[in-house]
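Student: Input input.txt, format and content: compact mmCIF, C-alpha atoms.
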# COMPACT_ATOMS: atom_id res chain seq x y z
CA MET L 1 -5.52 -5.43 25.57
CA LYS L 2 -7.86 -4.89 22.66
CA LEU L 3 -7.71 -3.08 19.35
CA GLU L 4 -10.35 -0.63 18.18
CA SER L 5 -10.83 1.38 15.01
CA LEU L 6 -11.31 5.10 15.25
CA GLN L 7 -12.23 7.86 12.82
CA LEU L 8 -11.72 11.45 13.82
CA GLN L 9 -12.45 14.67 12.00
CA LEU L 10 -10.26 17.61 12.89
CA VAL L 11 -9.59 21.10 11.68
CA LEU L 12 -5.93 22.02 11.36
CA PRO L 13 -6.19 25.79 11.85
CA ALA L 14 -4.70 28.21 9.37
CA HIS L 15 -2.53 29.86 12.00
CA GLU L 16 -0.72 26.58 12.66
CA THR L 17 2.03 25.25 10.43
CA ALA L 18 2.81 21.69 9.41
CA ARG L 19 5.27 21.62 12.33
CA ASP L 20 2.32 21.64 14.71
CA TRP L 21 0.10 19.04 13.06
CA ARG L 22 1.50 15.78 14.40
CA GLY L 23 1.37 17.00 17.98
CA ARG L 24 -2.17 18.30 17.58
CA ILE L 25 -3.39 15.05 16.03
CA LEU L 26 -1.72 12.93 18.73
CA GLU L 27 -3.29 15.09 21.41
CA HIS L 28 -6.75 14.34 20.03
CA LEU L 29 -6.07 10.66 19.42
CA ARG L 30 -4.80 10.10 22.97
CA LEU L 31 -8.19 11.14 24.32
CA HIS L 32 -9.43 7.82 22.90
CA GLY L 33 -6.61 5.46 23.91
CA GLU L 34 -3.09 4.73 22.67
CA PRO L 35 -2.70 5.19 18.92
CA LEU L 36 -0.97 2.20 17.30
CA ARG L 37 -1.32 3.17 13.65
CA TRP L 38 -2.88 6.28 12.14
CA ALA L 39 -2.87 8.59 9.18
CA ILE L 40 -4.70 11.53 7.65
CA THR L 41 -6.77 9.84 4.93
CA SER L 42 -8.54 12.86 3.51
CA ALA L 43 -7.96 16.60 3.58
CA ASP L 44 -9.94 19.56 2.26
CA ALA L 45 -9.70 23.29 2.67
CA ALA L 46 -11.76 24.43 5.66
CA PRO L 47 -14.25 27.29 5.08
CA GLU L 48 -12.66 29.30 7.88
CA GLY L 49 -9.11 28.62 6.61
CA GLY L 50 -6.77 25.77 7.37
CA SER L 51 -7.65 22.16 6.52
CA GLU L 52 -10.43 19.77 7.49
CA VAL L 53 -8.89 16.36 7.84
CA LEU L 54 -10.13 12.84 8.48
CA ILE L 55 -7.88 10.68 10.64
CA GLU L 56 -8.25 6.90 10.56
CA ALA L 57 -6.58 5.01 13.38
CA VAL L 58 -6.17 1.68 15.13
CA MET L 59 -6.18 2.30 18.86
CA LEU L 60 -4.92 0.16 21.73
CA GLN L 61 -7.23 -0.13 24.70
CA HIS L 62 -5.56 -1.54 27.76
CA THR L 63 -7.98 -3.73 29.68
CA GLY L 64 -7.63 -5.19 33.15
CA MET G 1 30.96 10.55 -4.65
CA ALA G 2 29.92 12.83 -1.82
CA ALA G 3 29.22 11.52 1.68
CA VAL G 4 26.11 9.42 2.16
CA PHE G 5 22.81 11.27 2.07
CA PRO G 6 20.43 9.38 4.42
CA THR G 7 17.04 9.28 2.73
CA LEU G 8 13.75 7.92 3.98
CA MET G 9 11.51 6.20 1.42
CA ILE G 10 7.89 5.55 2.33
CA VAL G 11 5.23 3.81 0.26
CA PRO G 12 2.31 3.33 2.66
CA THR G 13 0.89 -0.16 2.67
CA GLY G 14 -2.76 -0.84 1.99
CA ILE G 15 -3.57 2.27 -0.04
CA GLY G 16 -3.25 0.80 -3.51
CA CYS G 17 -0.23 2.71 -4.76
CA GLU G 18 0.43 2.19 -8.47
CA ILE G 19 4.07 1.63 -7.52
CA GLY G 20 4.51 -0.32 -4.33
CA GLY G 21 0.94 -1.42 -3.75
CA TYR G 22 1.57 -5.02 -4.86
CA ALA G 23 4.30 -7.58 -4.29
CA GLY G 24 7.40 -5.53 -3.56
CA ASP G 25 7.02 -3.67 -6.84
CA ALA G 26 8.62 -0.56 -5.36
CA LEU G 27 11.87 -2.49 -4.92
CA PRO G 28 13.43 -1.24 -8.17
CA ALA G 29 12.77 2.33 -7.05
CA ALA G 30 14.31 1.54 -3.66
CA ARG G 31 17.42 0.12 -5.34
CA LEU G 32 17.77 3.30 -7.39
CA LEU G 33 17.24 5.58 -4.38
CA ALA G 34 19.77 3.55 -2.38
CA ALA G 35 22.33 4.10 -5.14
CA ALA G 36 21.54 7.82 -5.32
CA SER G 37 21.61 8.40 -1.56
CA GLY G 38 24.14 5.88 -0.32
CA CYS G 39 21.83 5.17 2.66
CA LEU G 40 18.14 4.43 2.29
CA VAL G 41 15.80 3.83 5.23
CA THR G 42 12.62 2.09 4.16
CA HIS G 43 10.05 -0.42 5.34
CA PRO G 44 8.93 -3.99 4.58
CA ASN G 45 6.12 -3.00 2.20
CA VAL G 46 8.74 -1.57 -0.13
CA MET G 47 11.21 -4.45 0.16
CA ASN G 48 9.01 -7.54 0.50
CA GLY G 49 8.44 -9.45 -2.72
CA ALA G 50 7.28 -12.71 -1.09
CA ALA G 51 9.60 -15.25 -2.72
CA LEU G 52 11.65 -12.42 -4.23
CA TYR G 53 13.93 -10.01 -2.40
CA TRP G 54 17.05 -7.91 -2.83
CA SER G 55 19.79 -7.51 -0.27
CA ASP G 56 21.61 -4.17 -0.34
CA GLU G 57 23.92 -3.00 2.38
CA ARG G 58 22.83 0.58 1.73
CA ILE G 59 19.21 -0.19 2.64
CA PHE G 60 17.92 -0.18 6.23
CA TYR G 61 14.86 -2.45 6.58
CA VAL G 62 12.74 -0.88 9.34
CA GLU G 63 9.19 -1.92 10.25
CA GLY G 64 6.54 0.83 10.08
CA TRP G 65 6.04 1.48 13.80
CA GLY G 66 9.79 1.66 14.28
CA LEU G 67 10.03 3.91 11.23
CA ASP G 68 7.50 6.35 12.71
CA ARG G 69 9.38 6.45 16.02
CA PHE G 70 12.68 6.94 14.15
CA ALA G 71 11.27 9.83 12.12
CA ALA G 72 9.89 11.36 15.32
CA GLY G 73 13.36 11.31 16.86
CA GLU G 74 12.57 8.71 19.54
CA LEU G 75 14.57 5.82 18.11
CA ALA G 76 17.94 5.58 16.40
CA LEU G 77 19.01 2.86 13.95
CA ARG G 78 22.15 0.81 14.52
CA GLY G 79 23.18 -1.25 11.53
CA GLY G 80 25.82 -3.87 10.98
CA ARG G 81 24.52 -6.76 13.04
CA ARG G 82 23.33 -10.03 11.59
CA GLN G 83 20.08 -10.77 13.39
CA ARG G 84 19.04 -14.10 14.88
CA ILE G 85 15.47 -14.44 13.63
CA GLY G 86 12.87 -16.11 15.81
CA LEU G 87 9.90 -17.55 13.91
CA LEU G 88 6.45 -16.91 15.40
CA LEU G 89 3.66 -19.03 13.97
CA ASP G 90 -0.06 -18.51 14.46
CA ALA G 91 -1.76 -21.53 16.04
CA ALA G 92 -4.43 -21.19 13.34
CA ILE G 93 -2.07 -22.31 10.56
CA GLU G 94 -2.95 -25.80 9.40
CA PRO G 95 -0.21 -28.47 9.69
CA CYS G 96 0.74 -28.75 6.00
CA LEU G 97 0.97 -24.97 5.58
CA ARG G 98 2.94 -24.73 8.80
CA ASP G 99 5.38 -27.33 7.43
CA ARG G 100 5.78 -25.26 4.23
CA HIS G 101 6.86 -22.30 6.36
CA LEU G 102 9.29 -24.38 8.36
CA GLN G 103 10.79 -25.64 5.11
CA VAL G 104 11.24 -22.07 3.90
CA ALA G 105 13.06 -21.26 7.13
CA ASP G 106 15.27 -24.33 6.69
CA ALA G 107 15.96 -23.37 3.08
CA CYS G 108 17.06 -19.90 4.17
CA ARG G 109 19.37 -21.49 6.73
CA ALA G 110 20.88 -24.02 4.33
CA THR G 111 21.07 -21.91 1.16
CA LEU G 112 21.43 -18.35 2.44
CA GLY G 113 23.21 -19.03 5.73
CA LEU G 114 20.66 -17.11 7.79
CA GLU G 115 20.48 -17.63 11.54
CA ILE G 116 16.88 -18.64 12.26
CA GLY G 117 15.36 -20.02 15.41
CA PRO G 118 13.78 -20.80 17.73
CA VAL G 119 10.24 -21.42 16.48
CA VAL G 120 7.25 -20.69 18.70
CA THR G 121 3.54 -21.21 18.06
CA THR G 122 0.98 -18.93 19.73
CA ASP G 123 -1.04 -20.51 22.53
CA VAL G 124 -4.32 -19.54 20.82
CA ALA G 125 -5.24 -18.59 17.27
CA LEU G 126 -4.58 -14.89 16.68
CA GLY G 127 -7.93 -14.31 14.96
CA VAL G 128 -6.99 -11.94 12.12
CA THR G 129 -9.82 -9.83 10.71
CA LEU G 130 -9.73 -7.53 7.69
CA ARG G 131 -11.53 -4.22 7.21
CA GLN G 132 -11.65 -1.37 4.75
CA GLY G 133 -11.77 2.23 5.96
CA GLU G 134 -14.05 4.94 4.65
CA SER G 135 -11.18 6.14 2.48
CA GLY G 136 -10.71 2.70 0.89
CA VAL G 137 -7.56 2.10 2.90
CA SER G 138 -6.95 -1.43 4.17
CA TRP G 139 -7.19 -1.83 7.94
CA GLY G 140 -7.42 -4.88 10.14
CA SER G 141 -7.29 -6.26 13.63
CA LEU G 142 -6.55 -9.24 15.87
CA GLU G 143 -8.90 -10.99 18.25
CA HIS G 144 -6.03 -12.07 20.55
CA PRO G 145 -3.21 -9.49 20.48
CA ASP G 146 -1.99 -10.69 23.89
CA ALA G 147 -1.24 -14.14 22.44
CA LEU G 148 0.97 -12.50 19.81
CA LEU G 149 2.89 -10.57 22.43
CA ARG G 150 3.34 -13.62 24.70
CA ALA G 151 4.82 -15.60 21.84
CA GLY G 152 7.07 -12.69 20.94
CA GLU G 153 8.34 -12.44 24.51
CA THR G 154 9.13 -16.15 24.51
CA LEU G 155 11.22 -15.77 21.36
CA ARG G 156 13.02 -12.70 22.65
CA ASP G 157 13.76 -14.40 25.97
CA ALA G 158 15.12 -17.40 24.07
CA GLY G 159 17.64 -15.20 22.27
CA ALA G 160 15.91 -14.00 19.12
CA SER G 161 17.07 -10.51 18.14
CA ALA G 162 14.41 -10.17 15.42
CA ILE G 163 11.06 -11.85 14.84
CA ALA G 164 9.35 -13.09 11.68
CA VAL G 165 5.63 -13.52 12.27
CA VAL G 166 3.38 -15.71 10.19
CA ALA G 167 -0.34 -15.28 10.86
CA ARG G 168 -3.16 -17.22 9.20
CA PHE G 169 -5.22 -14.82 7.11
CA PRO G 170 -8.75 -15.41 5.86
CA ASP G 171 -8.87 -16.95 2.38
CA ASP G 172 -11.10 -15.06 -0.03
CA CYS G 173 -10.40 -16.91 -3.25
CA GLY G 174 -12.78 -15.70 -5.94
CA SER G 175 -13.64 -12.38 -4.33
CA GLU G 176 -13.85 -9.29 -6.51
CA ALA G 177 -11.30 -7.50 -4.36
CA LEU G 178 -8.75 -10.27 -4.73
CA GLU G 179 -9.34 -10.56 -8.46
CA ALA G 180 -8.87 -6.80 -8.85
CA TYR G 181 -5.62 -6.94 -6.88
CA ARG G 182 -4.30 -9.86 -8.95
CA HIS G 183 -5.14 -7.92 -12.11
CA GLY G 184 -3.34 -4.77 -10.97
CA SER G 185 -6.03 -2.57 -9.49
CA GLY G 186 -7.52 -2.13 -6.07
CA VAL G 187 -5.98 -2.28 -2.64
CA ASP G 188 -4.08 -5.11 -0.95
CA GLY G 189 -6.75 -6.17 1.53
CA LEU G 190 -4.25 -7.92 3.81
CA ALA G 191 -2.01 -4.94 4.35
CA GLY G 192 -3.79 -3.21 7.21
CA ALA G 193 -3.90 -6.28 9.44
CA GLU G 194 -0.30 -7.10 8.59
CA ALA G 195 0.78 -3.65 9.73
CA VAL G 196 -1.14 -3.99 13.00
CA ILE G 197 0.58 -7.31 13.74
CA SER G 198 4.10 -6.04 13.20
CA HIS G 199 3.39 -2.68 14.89
CA LEU G 200 2.20 -4.49 18.03
CA LEU G 201 5.35 -6.58 18.25
CA VAL G 202 7.84 -3.81 17.56
CA ARG G 203 6.10 -1.50 20.01
CA HIS G 204 6.17 -4.17 22.72
CA LEU G 205 9.59 -5.70 22.16
CA GLN G 206 11.57 -2.87 20.50
CA ILE G 207 13.30 -5.32 18.18
CA PRO G 208 12.98 -5.69 14.37
CA CYS G 209 9.88 -7.61 13.33
CA ALA G 210 8.11 -8.24 10.05
CA HIS G 211 5.13 -10.27 8.91
CA ALA G 212 4.26 -12.78 6.22
CA PRO G 213 0.65 -13.92 5.79
CA ALA G 214 -0.19 -17.63 5.61
CA LEU G 215 -2.75 -18.28 2.89
CA ALA G 216 -4.02 -21.23 0.92
CA PRO G 217 -2.57 -21.40 -2.62
CA LEU G 218 -4.50 -19.74 -5.44
CA PRO G 219 -5.34 -21.30 -8.81
CA LEU G 220 -3.33 -20.14 -11.80
CA ASP G 221 -4.57 -16.85 -13.27
CA PRO G 222 -3.34 -16.21 -16.84
CA GLN G 223 -4.25 -12.51 -16.42
CA LEU G 224 -1.99 -12.02 -13.39
CA ASP G 225 -0.50 -8.52 -13.27
CA PRO G 226 3.32 -8.53 -13.23
CA ARG G 227 3.29 -6.42 -10.08
CA ALA G 228 1.39 -9.14 -8.19
CA ALA G 229 3.31 -12.07 -9.67
CA ALA G 230 5.97 -12.39 -6.95
CA GLU G 231 3.32 -13.48 -4.43
CA GLU G 232 2.28 -16.46 -6.56
CA LEU G 233 5.63 -18.12 -7.14
CA ALA G 234 5.73 -20.29 -4.05
CA HIS G 235 3.83 -21.65 -1.10
CA THR G 236 4.64 -18.80 1.31
CA PHE G 237 5.41 -15.08 1.54
CA LEU G 238 8.21 -15.74 4.02
CA PRO G 239 11.60 -15.63 2.20
CA CYS G 240 11.71 -11.85 1.75
CA VAL G 241 10.86 -11.32 5.42
CA LEU G 242 13.68 -13.57 6.59
CA VAL G 243 16.21 -11.93 4.27
CA GLY G 244 15.07 -8.43 5.21
CA LEU G 245 15.15 -9.12 8.94
CA SER G 246 18.55 -10.82 8.77
CA ARG G 247 20.17 -7.40 8.24
CA ALA G 248 17.60 -5.13 9.88
CA PRO G 249 19.12 -2.42 12.11
CA ASP G 250 18.71 -2.56 15.87
CA LEU G 251 16.27 -0.03 17.33
CA ILE G 252 18.02 2.12 19.93
CA GLN G 253 16.55 4.74 22.24
CA SER G 254 17.80 8.04 20.84
CA ALA G 255 19.05 9.16 24.23
CA THR G 256 21.53 6.26 24.23
CA ALA G 257 22.63 6.54 20.59
CA GLN G 258 26.32 6.19 19.83
CA PRO G 259 28.48 7.57 17.00
CA GLY G 260 27.59 5.68 13.84
CA ASP G 261 23.93 5.28 14.78
CA LEU G 262 21.49 6.97 12.45
CA LEU G 263 19.23 9.55 14.09
CA ALA G 264 16.33 11.45 12.52
CA SER G 265 18.45 14.57 12.78
CA GLY G 266 20.70 12.96 10.17
CA LEU G 267 17.93 12.49 7.61
CA ARG G 268 18.52 14.54 4.49
CA ALA G 269 15.40 13.78 2.42
CA LEU G 270 12.07 11.99 2.42
CA VAL G 271 10.57 10.39 -0.70
CA VAL G 272 6.82 9.72 -0.49
CA PRO G 273 3.83 9.45 -2.86
CA GLU G 274 2.27 12.85 -3.57
CA GLY G 275 -1.21 11.84 -2.41
CA ALA G 276 -0.07 10.17 0.81
CA LEU G 277 1.34 13.05 2.83
CA GLY G 278 -0.72 12.36 5.97
CA GLY G 279 1.27 9.61 7.66
CA GLU G 280 3.00 10.10 11.00
CA ALA G 281 6.54 9.77 9.62
CA VAL G 282 5.80 12.35 6.92
CA LEU G 283 4.44 14.82 9.48
CA ALA G 284 7.47 14.19 11.69
CA CYS G 285 9.76 15.00 8.75
CA LEU G 286 7.82 18.21 8.08
CA GLU G 287 8.40 19.17 11.72
CA ARG G 288 12.13 18.79 11.19
CA ASN G 289 12.20 20.61 7.85
CA VAL G 290 13.49 17.49 6.12
CA PRO G 291 13.15 18.13 2.35
CA VAL G 292 10.11 16.19 1.09
CA ILE G 293 10.15 14.84 -2.45
CA ALA G 294 6.54 14.05 -3.39
CA VAL G 295 6.44 11.54 -6.25
CA SER G 296 3.55 11.06 -8.61
CA ASN G 297 2.35 7.62 -7.48
CA PRO G 298 -1.48 7.48 -7.47
CA SER G 299 -3.36 5.62 -4.76
CA VAL G 300 -6.83 5.70 -3.16
CA LEU G 301 -5.69 8.66 -1.06
CA GLN G 302 -5.63 12.30 -2.10
CA VAL G 303 -3.89 13.82 0.87
CA SER G 304 -1.77 15.95 -1.37
CA SER G 305 0.45 18.98 -0.98
CA GLN G 306 -2.41 21.03 -2.45
CA SER G 307 -5.09 19.70 -0.09
CA LEU G 308 -2.80 20.35 2.89
CA GLY G 309 -1.55 23.72 1.67
CA LEU G 310 2.02 22.43 1.45
CA GLU G 311 2.82 23.24 -2.18
CA ASP G 312 5.77 25.39 -1.17
CA ARG G 313 7.03 22.74 1.28
CA VAL G 314 7.46 19.82 -1.11
CA ILE G 315 9.55 19.15 -4.18
CA ALA G 316 7.51 17.52 -6.92
CA ALA G 317 8.85 14.55 -8.87
CA ALA G 318 7.03 12.96 -11.77
CA SER G 319 8.67 9.58 -11.21
CA TYR G 320 11.00 7.69 -8.91
CA ALA G 321 13.71 8.11 -11.54
CA GLU G 322 13.31 11.89 -11.20
CA ALA G 323 13.24 11.56 -7.41
CA ALA G 324 16.53 9.68 -7.51
CA GLY G 325 18.00 12.41 -9.67
CA LEU G 326 16.88 15.01 -7.15
CA VAL G 327 18.40 13.05 -4.26
CA LEU G 328 21.66 12.70 -6.18
CA ALA G 329 21.66 16.41 -6.98
CA MET G 330 21.17 17.30 -3.34
CA ARG G 331 23.83 14.80 -2.31
CA GLU G 332 26.31 16.37 -4.74
CA GLY G 333 25.41 19.91 -3.68
CA VAL G 334 23.79 20.86 -6.98
CA ALA G 335 21.11 23.49 -6.34
CA LEU G 336 17.80 22.18 -7.66
CA PRO G 337 16.68 25.48 -9.32
CA SER G 338 19.78 25.29 -11.54
CA LEU G 339 18.37 22.12 -13.11
CA GLN G 340 15.00 23.69 -13.98
CA ARG G 341 13.81 26.25 -16.48
CA PRO G 342 13.09 29.08 -16.36
CA LEU G 343 15.91 30.03 -13.98
CA VAL G 344 14.73 33.29 -12.45
CA PRO G 345 17.49 35.92 -12.24
CA LEU G 346 18.53 37.16 -8.82
CA LYS G 347 17.25 40.58 -7.89
CA PRO G 348 18.60 42.65 -5.03
CA CYS G 349 16.09 43.19 -2.28
CA SER G 350 15.82 46.29 -0.16
CA ILE G 351 16.87 46.01 3.45
CA ALA G 352 14.50 47.63 5.91
CA ARG G 353 16.14 50.36 7.96
CA ASP G 354 14.92 51.53 11.37
Turn this file's structure into structure tokens for me.

Tutor:
Amino acid sequence: MKLESLQLQLVLPAHETARDWRGRILEHLRLHGEPLRWAITSADAAPEGGSEVLIEAVMLQHTG
Amino acid sequence: MAAVFPTLMIVPTGIGCEIGGYAGDALPAARLLAAASGCLVTHPNVMNGAALYWSDERIFYVEGWGLDRFAAGELALRGGRRQRIGLLLDAAIEPCLRDRHLQVADACRATLGLEIGPVVTTDVALGVTLRQGESGVSWGSLEHPDALLRAGETLRDAGASAIAVVARFPDDCGSEALEAYRHGSGVDGLAGAEAVISHLLVRHLQIPCAHAPALAPLPLDPQLDPRAAAEELAHTFLPCVLVGLSRAPDLIQSATAQPGDLLASGLRALVVPEGALGGEAVLACLERNVPVIAVSNPSVLQVSSQSLGLEDRVIAAASYAEAAGLVLAMREGVALPSLQRPLVPLKPCSIARD
């Protein structure tokens, strides 16, 4: 097992509500491994509506 | 007093919160929220004051990974048990510092009556590293996470129902970052790695765990900020962890919860810093429509209700005292608009007819 840092930029679309965000973020994080600890660390309004967010995470990579 | 009003209090670690970013300096706020709610669920960063601590039967001490899973509805909390605390020591801790930690454990046994033991040392040094994210948030890692988990399994198999971990952290005496922290600004550089350590153990073992860093003593600083003072009273950061874990709730799979267990569906409010709305537990509470009280508590983050478009989803509080008043009002069934001015008169609305 090893730990890796990850930074991800995502757009949370305007048509989605806050109820959808955690699931959407987890979906993207799981493409890179198992998220151990993560949070949105910056958020700005996206030009096309919704929010542009930066996720910082510590990911578990299972080796062997 | 009305029935208890289970409330979740989060002050994220490693983001430099004005209140809670130091040595358990959010504890007074936690005490007040526990009194207002009758049942407060919070995490070690809020409760840990190194040599200082406060034991309150109304407060559930839940490590951050467990807290996220609880808020997401995956785990329930079962209080009431006195935990038997296994002590997990990093092989990298030098003998005299290791002995200081063992003496703290013995003191907690003799003077506080805590059940502590056994003690296990990792088979290799854990290799803690510290890092700062782009946002300024404290992060960190371990070179040998498997060694941590092996030691944890040994303690669990030997009968420990909770684990206190002590890992050797890099000393950075004289660094600008440390000086800033000691003087009441900047971010706790240890916090990110501490969270990773406890998250790994709770995720793997599903029992309460918490962490205390092992560090060489610092020289006296006459300019020490009061908020950082609790970490410079003694040789270790361990007492608060042992006291907190001694009464930590068991973590139960929600599907097997019994009457009396606390589930996320029973949460009645969340109290969180206004600029730190991007954590997993906060998003899980938003999913469940748990009322969110966003307290003015500046940090390095600006993930605010405004930046997320959540202004109509959160209740603003200028202070933790105000937040406690809001929790008490909700607990007593006092409608919050009735406490504010102006109070907009009701107007009949038209009902659409087919």

Student: May I ask you to extract the residues of chain G within 7 Å of chain L, using only C-alpha atoms, and to give them as a list in words?

Tutor: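 Written out as asked, the residues are Ser135, Ser141, Pro145, Asp146, His199, Gly278, Gly279, Glu280, Leu283, Ala284, Leu286, Glu287, Leu301, Gln302, Val303, Ser307 and Leu308 of chain G.
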
Student: Find the residue from L:Thr63, L:Glu48, L:Leu8, L:Glu16 that sits nearest to L:Leu31; use all atoms listed in the file when measuring.

Tutor: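 Looking only at the distances to L:Leu31, the closest residue turns out to be L:Leu8.
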
Student: In Å to one decimal, how far is atom CA of G:Leu8 from atom CA of G:Val295?

Tutor: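 Spanning atom CA of G:Val295 to atom CA of G:Leu8 is a straight-line distance of 13.1 Å.
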
Student: As AutoDock Vina command-line options, please: the centre and edge lengths in Å, to one decimal, of an axis-aligned box enclosing every listed atom of stretch 46-52 of chain L with 6 Å added on each side.

Tutor:
--center_x -10.5 --center_y 24.5 --center_z 6.5 --size_x 19.5 --size_y 21.5 --size_z 14.8

Student: Closest to G:Pro291 among G:Ile315, G:Ala329, G:Cys240, G:Ala323, using only C-alpha atoms?

Tutor: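 Ranking G:Ile315, G:Ala329, G:Cys240, G:Ala323 by distance to G:Pro291, first place goes to G:Ile315.
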
Student: For stretch 206-215 of chain G, find every residue with an atom within 6 Å (counting only C-alpha atoms), except residues of its own chain fewer than 5 positions away, and show them as an MDAnalysis selection string.

Tutor: chainID G and resid 162:169 198 237:238

Student: What's around G:Thr236 at 12 Å? Count all atoms listed in the file, leave out sequence neighbours fewer than 4 positions away in its own chain, and write the answer as an MDAnalysis selection string.

Tutor: chainID G and resid 49:52 93 96:105 166:168 211:218 230:232 240:242

Student: With only C-alpha atoms as the basis for distance, which of G:Glu332, G:Asp261, G:Glu134, G:Asp221 is at the shortest distance from G:Leu178?

Tutor: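 Checking each candidate against G:Leu178, we get G:Asp221 as the closest.
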
Student: Could you state the separation of atom CA of G:Ala3 and atom CA of G:Gly80 in Å, given to one decimal place?

Tutor: 18.3 Å

Student: With only C-alpha atoms as the atoms that count, which of G:Arg203, G:Thr154, G:Ala72, G:Leu126 lies nearest to L:Glu34?

Tutor: G:Arg203

Student: From the set G:Glu18, G:Glu322, G:Asp225, G:Glu115, which residue has the shortest atom-to-atom contact distance to G:Ala180, counting all atoms listed in the file?

Tutor: G:Asp225

Student: Measuring between all atoms listed in the file, which one of L:Pro35, L:Glu27, L:His62, L:Gly49 shows the shortest distance to L:Val11?

Tutor: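 Under the stated criterion, the closest residue is L:Gly49.
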
Student: So that I can see what lies close to G:Ala2, please list as JSON, numbers by chain the residues with an atom at most 10 Å from it, counting all atoms listed in the file and leaving out residues fewer than 4 positions away in the same chain.

Tutor: {"G": [37, 38, 328, 330, 331, 332, 333]}

Student: What does the distance between atom CA of G:Ala151 and atom CA of G:Leu88 come to in Å, to one decimal place?

Tutor: 6.8 Å

Student: Considering only C-alpha atoms, return as a PyMOL selection string whatever protein or nucleic-acid residues lie within 7 Å of G:His43, sequence-local ones (same chain, fewer than 4 positions apart) excluded.

Tutor: chain G and resi 47+61-64
